[in-house]
$ cat upload_29.txt   # compact mmCIF, C-alpha atoms
# COMPACT_ATOMS: atom_id res chain seq x y z
CA MET T 1 108.43 146.18 112.70
CA ARG T 2 108.59 142.85 110.78
CA SER T 3 106.68 142.93 107.51
CA TYR T 4 104.14 140.21 106.72
CA SER T 5 104.35 138.40 103.37
CA PRO T 6 101.24 136.36 102.65
CA ASP T 7 101.58 132.91 101.08
CA LEU T 8 100.21 133.39 97.57
CA THR T 9 100.75 129.75 96.50
CA PRO T 10 97.52 128.41 94.98
CA PRO T 11 95.93 125.72 97.19
CA TRP T 12 96.27 123.08 94.47
CA ARG T 13 100.05 123.62 94.35
CA LYS T 14 100.62 123.31 98.07
CA ARG T 15 102.06 120.00 99.16
CA GLN T 16 99.45 118.10 101.09
CA PRO T 17 100.53 116.44 104.34
CA ALA T 18 101.08 112.72 104.00
CA PRO T 19 99.04 110.39 106.22
CA GLU T 20 100.79 109.21 109.36
CA VAL T 21 101.18 105.44 109.67
CA PRO T 22 102.46 103.71 112.83
CA ALA T 23 105.65 101.75 112.08
CA GLU T 24 104.31 98.43 113.33
CA SER T 25 106.45 95.31 113.11
CA ASP T 26 106.30 93.52 109.73
CA LEU T 27 104.83 96.55 107.92
CA VAL T 28 106.44 96.55 104.44
CA VAL T 29 107.45 99.99 103.13
CA GLU T 30 109.87 101.57 100.66
CA GLU T 31 112.21 104.43 101.59
CA VAL T 32 111.63 107.21 99.04
CA THR T 33 115.20 108.39 98.43
CA THR T 34 117.00 105.04 98.19
CA GLY T 35 114.22 102.72 97.03
CA PHE T 36 115.13 100.28 99.80
CA CYS T 37 112.11 98.06 100.46
CA GLY T 38 111.71 96.03 103.62
CA ALA T 39 109.67 95.08 106.65
CA VAL T 40 109.77 97.11 109.86
CA ILE T 41 111.95 95.39 112.46
CA ARG T 42 111.95 98.08 115.16
CA THR T 43 111.83 101.80 115.85
CA GLU T 44 114.18 103.62 118.21
CA LYS T 45 114.57 107.01 119.81
CA THR T 46 118.08 108.38 119.16
CA ALA T 47 119.92 111.64 119.81
CA GLU T 48 119.35 112.60 116.16
CA GLY T 49 115.66 111.76 116.29
CA PRO T 50 113.49 108.65 115.88
CA THR T 51 114.63 105.95 113.43
CA VAL T 52 113.21 102.80 111.89
CA THR T 53 115.09 99.63 110.96
CA LEU T 54 113.94 97.79 107.82
CA GLU T 55 114.82 94.26 106.71
CA ASP T 56 114.68 93.41 102.99
CA ARG T 57 113.88 90.00 101.51
CA PHE T 58 117.57 89.02 101.63
CA GLY T 59 117.79 89.69 105.38
CA LYS T 60 119.74 92.95 104.99
CA HIS T 61 119.00 95.64 107.61
CA ARG T 62 119.10 99.40 107.09
CA VAL T 63 118.25 102.23 109.47
CA PHE T 64 116.38 105.35 108.29
CA PRO T 65 115.23 108.51 110.06
CA LEU T 66 111.48 108.89 110.58
CA VAL T 67 111.03 112.05 108.53
CA PRO T 68 107.83 113.44 107.02
CA ARG T 69 106.88 111.90 103.64
CA GLY T 70 109.84 109.56 103.92
CA PHE T 71 108.29 106.26 102.82
CA LEU T 72 105.97 104.61 100.31
CA LEU T 73 103.26 102.23 101.50
CA GLU T 74 101.62 100.31 98.64
CA GLY T 75 102.65 103.13 96.31
CA ARG T 76 101.39 106.00 98.52
CA VAL T 77 103.67 108.52 100.21
CA VAL T 78 103.29 108.29 103.99
CA THR T 79 104.92 109.59 107.14
CA LEU T 80 105.98 106.76 109.41
CA VAL T 81 105.68 107.44 113.14
CA ARG T 82 106.66 105.41 116.15
CA PRO T 83 103.77 103.36 117.56
CA SER T 84 102.18 105.31 120.40
CA ALA T 85 102.45 102.43 122.85
CA PRO T 86 103.43 98.79 122.80
CA ALA T 87 100.56 96.71 121.54
CA PRO T 88 98.97 94.45 124.14
CA ALA T 89 100.01 90.85 123.97
CA ARG T 90 97.92 88.98 121.43
CA PRO T 91 97.77 85.33 120.45
CA ALA T 92 100.44 84.34 117.93
CA ARG T 93 99.21 84.24 114.35
CA THR T 94 99.99 82.02 111.41
CA ALA T 95 101.06 83.55 108.10
CA SER T 96 97.41 83.46 107.00
CA GLY T 97 96.34 85.55 110.01
CA SER T 98 94.71 82.66 111.87
CA VAL T 99 95.32 82.18 115.58
CA ALA T 100 98.24 79.76 115.94
CA VAL T 101 97.71 76.58 117.93
CA PRO T 102 100.96 75.86 119.83
CA GLY T 103 101.99 72.23 119.69
CA ALA T 104 99.20 71.28 117.30
CA ARG T 105 99.84 68.10 115.36
CA ALA T 106 99.02 67.68 111.70
CA ARG T 107 95.68 65.99 111.12
CA VAL T 108 95.45 62.81 109.06
CA ALA T 109 94.84 63.90 105.47
CA ARG T 110 91.23 64.24 104.40
CA ALA T 111 89.89 62.51 101.31
CA GLY T 112 89.09 65.98 99.96
CA ARG T 113 91.73 67.96 98.10
CA ILE T 114 92.57 71.40 96.79
CA TYR T 115 94.02 71.50 93.27
CA VAL T 116 95.97 74.49 91.93
CA GLU T 117 97.30 75.06 88.44
CA GLY T 118 101.05 74.93 88.93
CA ARG T 119 103.97 74.48 91.28
CA HIS T 120 104.28 78.21 91.97
CA ASP T 121 100.64 78.36 93.04
CA ALA T 122 101.19 75.40 95.37
CA GLU T 123 104.31 76.93 96.91
CA LEU T 124 102.56 80.24 97.52
CA VAL T 125 99.57 78.53 99.16
CA GLU T 126 101.96 76.52 101.34
CA ARG T 127 103.90 79.67 102.32
CA VAL T 128 100.80 81.46 103.63
CA TRP T 129 98.30 78.73 104.55
CA GLY T 130 100.56 75.74 105.23
CA ASP T 131 100.07 75.72 109.02
CA ASP T 132 96.29 75.93 108.68
CA LEU T 133 96.15 73.22 106.01
CA ARG T 134 98.15 70.76 108.11
CA ILE T 135 95.89 71.28 111.12
CA GLU T 136 92.83 70.76 108.90
CA GLY T 137 94.35 67.77 107.09
CA VAL T 138 93.96 69.36 103.64
CA VAL T 139 96.41 68.35 100.90
CA VAL T 140 97.18 70.75 98.05
CA GLU T 141 98.25 69.31 94.69
CA TYR T 142 99.14 71.02 91.42
CA LEU T 143 97.86 70.11 87.96
CA GLU T 144 100.35 71.70 85.52
CA GLY T 145 97.46 73.48 83.81
CA ILE T 146 93.71 72.97 83.66
CA ASP T 147 93.11 71.91 80.05
CA ASP T 148 92.02 68.47 81.27
CA LEU T 149 90.12 69.73 84.32
CA PRO T 150 86.72 68.16 83.46
CA SER T 151 88.23 64.67 83.16
CA ILE T 152 90.36 65.22 86.28
CA VAL T 153 87.28 66.12 88.32
CA GLU T 154 85.39 63.14 86.89
CA ASP T 155 88.23 60.78 87.86
CA PHE T 156 88.38 62.28 91.36
CA ALA T 157 84.64 61.69 91.80
CA PRO T 158 84.02 64.27 94.55
CA GLY T 159 81.39 63.43 97.15
CA PRO T 160 80.11 64.52 100.57
CA ASP T 161 83.17 63.09 102.35
CA ALA T 162 85.66 63.96 99.59
CA ARG T 163 85.10 67.48 98.40
CA LEU T 164 87.29 68.98 95.70
CA GLY T 165 88.30 72.63 95.41
CA VAL T 166 90.18 74.02 92.42
CA LEU T 167 92.03 77.37 92.21
CA VAL T 168 92.25 78.71 88.65
CA ASP T 169 94.46 81.52 87.34
CA HIS T 170 92.94 84.25 85.12
CA LEU T 171 89.34 83.23 85.84
CA VAL T 172 87.63 86.15 84.11
CA PRO T 173 84.61 86.25 81.78
CA GLY T 174 85.45 85.13 78.23
CA SER T 175 88.81 83.55 79.08
CA LYS T 176 89.79 80.01 78.18
CA GLU T 177 89.94 79.26 81.89
CA SER T 178 86.35 80.38 82.46
CA ARG T 179 85.11 78.21 79.59
CA ILE T 180 86.85 75.15 81.03
CA ALA T 181 85.65 75.89 84.57
CA SER T 182 82.04 76.20 83.34
CA GLN T 183 82.15 72.53 82.31
CA VAL T 184 82.69 71.46 85.90
CA ALA T 185 79.70 71.65 88.19
CA GLY T 186 78.48 69.81 91.24
CA ASP T 187 77.56 70.13 94.86
CA HIS T 188 80.90 68.68 95.95
CA ALA T 189 83.28 70.45 93.54
CA LEU T 190 84.06 74.16 93.75
CA ILE T 191 86.02 76.09 91.12
CA VAL T 192 87.21 79.57 92.11
CA GLY T 193 89.97 81.79 90.82
CA HIS T 194 91.60 85.16 90.63
CA PRO T 195 91.85 87.67 87.75
CA TYR T 196 95.62 87.62 87.34
CA ILE T 197 97.36 86.10 84.32
CA ASP T 198 99.69 84.26 86.67
CA VAL T 199 99.87 83.83 90.44
CA TRP T 200 103.02 86.02 90.42
CA GLU T 201 100.70 89.02 90.01
CA ALA T 202 98.78 88.06 93.15
CA VAL T 203 101.84 89.11 95.19
CA LYS T 204 101.73 92.82 95.99
CA PRO T 205 104.39 94.73 94.03
CA SER T 206 105.60 96.50 97.18
CA SER T 207 106.41 93.12 98.74
CA VAL T 208 108.65 92.31 95.78
CA GLY T 209 110.32 95.72 95.77
CA ILE T 210 108.78 96.95 92.51
CA ARG T 211 106.29 99.74 91.83
CA ALA T 212 103.94 97.66 89.66
CA TRP T 213 103.77 94.47 87.64
CA PRO T 214 104.65 95.34 84.04
CA SER T 215 102.30 94.92 81.10
CA VAL T 216 103.51 92.17 78.77
CA PRO T 217 102.44 92.23 75.08
CA ARG T 218 100.14 89.43 73.98
CA GLY T 219 101.89 86.56 72.26
CA GLN T 220 104.95 86.85 74.51
CA ASP T 221 105.63 84.42 77.35
CA TRP T 222 104.31 86.37 80.32
CA LYS T 223 106.88 85.34 82.93
CA THR T 224 109.82 85.89 80.58
CA GLY T 225 108.33 89.25 79.58
CA VAL T 226 108.05 90.28 83.23
CA CYS T 227 111.71 89.43 83.86
CA ARG T 228 112.74 91.37 80.76
CA ALA T 229 110.65 94.43 81.64
CA LEU T 230 111.98 94.52 85.20
CA GLY T 231 115.60 94.06 84.14
CA TRP T 232 115.84 90.72 85.91
CA PRO T 233 117.79 87.77 84.45
CA GLU T 234 115.45 85.80 82.19
CA ASN T 235 115.40 82.87 84.57
CA THR T 236 111.81 82.37 85.70
CA GLY T 237 112.78 79.88 88.40
CA ALA T 238 115.16 82.35 90.04
CA ALA T 239 112.61 85.15 89.56
CA TRP T 240 109.96 83.12 91.37
CA GLN T 241 112.27 82.47 94.32
CA ARG T 242 112.86 86.22 94.50
CA ILE T 243 109.09 86.84 94.50
CA LEU T 244 108.30 84.08 96.99
CA GLY T 245 111.04 85.41 99.29
CA GLY T 246 109.07 88.65 99.62
CA VAL T 247 105.98 86.86 100.94
CA ARG T 248 105.90 86.69 104.73
CA SER T 249 102.17 86.61 105.38
CA TYR T 250 98.74 87.22 103.91
CA ARG T 251 99.50 90.95 103.97
CA ASP T 252 101.79 90.44 100.98
CA LEU T 253 99.00 89.05 98.79
CA GLU T 254 96.20 90.72 96.88
CA PRO T 255 92.65 90.36 98.30
CA GLU T 256 91.40 88.52 95.20
CA LEU T 257 93.70 85.58 95.91
CA LEU T 258 93.15 85.65 99.67
CA GLY T 259 89.40 85.41 99.34
CA SER T 260 89.54 82.57 96.83
CA VAL T 261 91.89 80.39 98.88
CA GLU T 262 89.96 80.98 102.10
CA HIS T 263 86.76 80.04 100.27
CA LEU T 264 88.31 76.77 99.07
CA ILE T 265 89.57 75.83 102.53
CA ASP T 266 86.15 76.50 104.07
CA PHE T 267 84.47 74.44 101.33
CA VAL T 268 86.78 71.42 101.59
CA THR T 269 86.66 71.34 105.40
CA ALA T 270 82.91 71.84 105.80
CA PRO T 271 81.20 68.89 107.51
CA PRO T 272 78.91 66.77 105.31
CA ALA T 273 75.36 68.11 105.19

$ encode --input "upload_29.txt" --output "C-alpha cells"
Amino acid sequence: MRSYSPDLTPPWRKRQPAPEVPAESDLVVEEVTTGFCGAVIRTEKTAEGPTVTLEDRFGKHRVFPLVPRGFLLEGRVVTLVRPSAPAPARPARTASGSVAVPGARARVARAGRIYVEGRHDAELVERVWGDDLRIEGVVVEYLEGIDDLPSIVEDFAPGPDARLGVLVDHLVPGSKESRIASQVAGDHALIVGHPYIDVWEAVKPSSVGIRAWPSVPRGQDWKTGVCRALGWPENTGAAWQRILGGVRSYRDLEPELLGSVEHLIDFVTAPPA
C-alpha cells in the first residue's frame, strides 16, 4: 500500500500560480530566462507543445515555448496562453487606438496649435497620434524649453478660432515648470503635463527592454545619467532612437502622458462656443 506524505510547506512559501494572459498580437512581454523582450507575432501548435514568436525592436524574431510562469508583462510574472479563438474582425486602429479612416486625406492645418517642450516630445506625439493629428489638421511644434512660455503664449494670441495647447514635462507642484505654467491662463490656452522629468520616462520600461527607469542623482544631466546607469553608450541621440523604436502604439506609453495629449487634442479641436 502506497504511503501518503502530506505537503508540510507553509502556505506563504508555496509558489502562487501566475495569471494566464492570452498571447494576443502586439502584446509586449519579456521571456524570463533570456530577457528577450518583444511583441507577440503569432502562436503555434507544434509537436513539442504550443509556442509563441516574439519580435524585438530591431525586427529580430525568436520562438519560445508557452510554459507556466515563462514571461514578464509590465514586470509581473505571467503564463502566456494561446488565444481561445480568433478575434472577430474589428476596424483597423491607429497607433493611438482610434478607428482608422482608410483613404482619409490630411485636413488643412488649423490656426490652433499644440506646443511641446522638445524634439523628442514632438517625435513621440507624432509616432502615436500622427494619423489623428493630420485628419484633424493639428500641427505640433516644439519650443526647446518653456522658460519663455508666457511671452510665447502672448505672441501667439490664442482665441476662439486659434486655440493653443501646451504639453509640459515634470508638471508637478513646486517645480519650476508649474510656476511658469501658472503664469499662463485663459479660456483659449490650455497647459497640461505629466510628472516625468523627461518624456523618455513616459515610455513604459518593458517597451524599451528594461525593468525600470533608473534614478539619476540631482545635479547630473538626466539623460546622460540614464544612459550611464543602463550601460548604454552616452549618446543621448542614439539612446532616444532606441527608446522611440520600442514605441508601436499607445500601449507603450504611461497613462499620465496619454491622458494629457488626448486632452490637448480635444481642446484644440473643439468647435468655438

$ atom_distance --input "upload_29.txt" --atom1 "CA of Val28 (chain T)" --atom2 "CA of Leu80 (chain T)"
11.4 Å

$ atom_distance --input "upload_29.txt" --atom1 "CA of Phe267 (chain T)" --atom2 "CA of Val192 (chain T)"
10.9 Å

$ residues_around --input "upload_29.txt" --residues "Glu117 (chain T)" --least-positions-apart "5" --cutoff "10 Å" --atoms "all atoms listed in the file" --output "PDB file with C-alpha atoms, in the frame of the given file"
ATOM      1  CA  ALA T 122     101.190  75.400  95.370  1.00  0.00           C
ATOM      2  CA  GLU T 141      98.250  69.310  94.690  1.00  0.00           C
ATOM      3  CA  TYR T 142      99.140  71.020  91.420  1.00  0.00           C
ATOM      4  CA  LEU T 143      97.860  70.110  87.960  1.00  0.00           C
ATOM      5  CA  GLU T 144     100.350  71.700  85.520  1.00  0.00           C
ATOM      6  CA  GLY T 145      97.460  73.480  83.810  1.00  0.00           C
ATOM      7  CA  ILE T 146      93.710  72.970  83.660  1.00  0.00           C
ATOM      8  CA  ASP T 147      93.110  71.910  80.050  1.00  0.00           C
ATOM      9  CA  LEU T 149      90.120  69.730  84.320  1.00  0.00           C
ATOM     10  CA  VAL T 166      90.180  74.020  92.420  1.00  0.00           C
ATOM     11  CA  LEU T 167      92.030  77.370  92.210  1.00  0.00           C
ATOM     12  CA  VAL T 168      92.250  78.710  88.650  1.00  0.00           C
ATOM     13  CA  ASP T 169      94.460  81.520  87.340  1.00  0.00           C
ATOM     14  CA  ASP T 198      99.690  84.260  86.670  1.00  0.00           C
ATOM     15  CA  VAL T 199      99.870  83.830  90.440  1.00  0.00           C
TER      16      VAL T 199
END

$ closest_residue --input "upload_29.txt" --among "T:Asp132, T:Asp148, T:Asp252, T:Asp56" --to "Glu177 (chain T)" --atoms "all atoms listed in the file"
T:Asp148

$ atom_distance --input "upload_29.txt" --atom1 "CA of Lys176 (chain T)" --atom2 "CA of Val153 (chain T)"
17.4 Å

$ closest_residue --input "upload_29.txt" --among "T:Ile191, T:Val63, T:Ile41, T:Leu258" --to "Arg179 (chain T)" --atoms "all atoms listed in the file"
T:Ile191

$ closest_residue --input "upload_29.txt" --among "T:Phe36, T:Tyr250, T:Tyr115, T:Trp129" --to "Arg211 (chain T)" --atoms "only C-alpha atoms"
T:Phe36

$ closest_residue --input "upload_29.txt" --among "T:Ala229, T:Val184, T:Cys37, T:Leu190" --to "Val208 (chain T)" --atoms "all atoms listed in the file"
T:Cys37
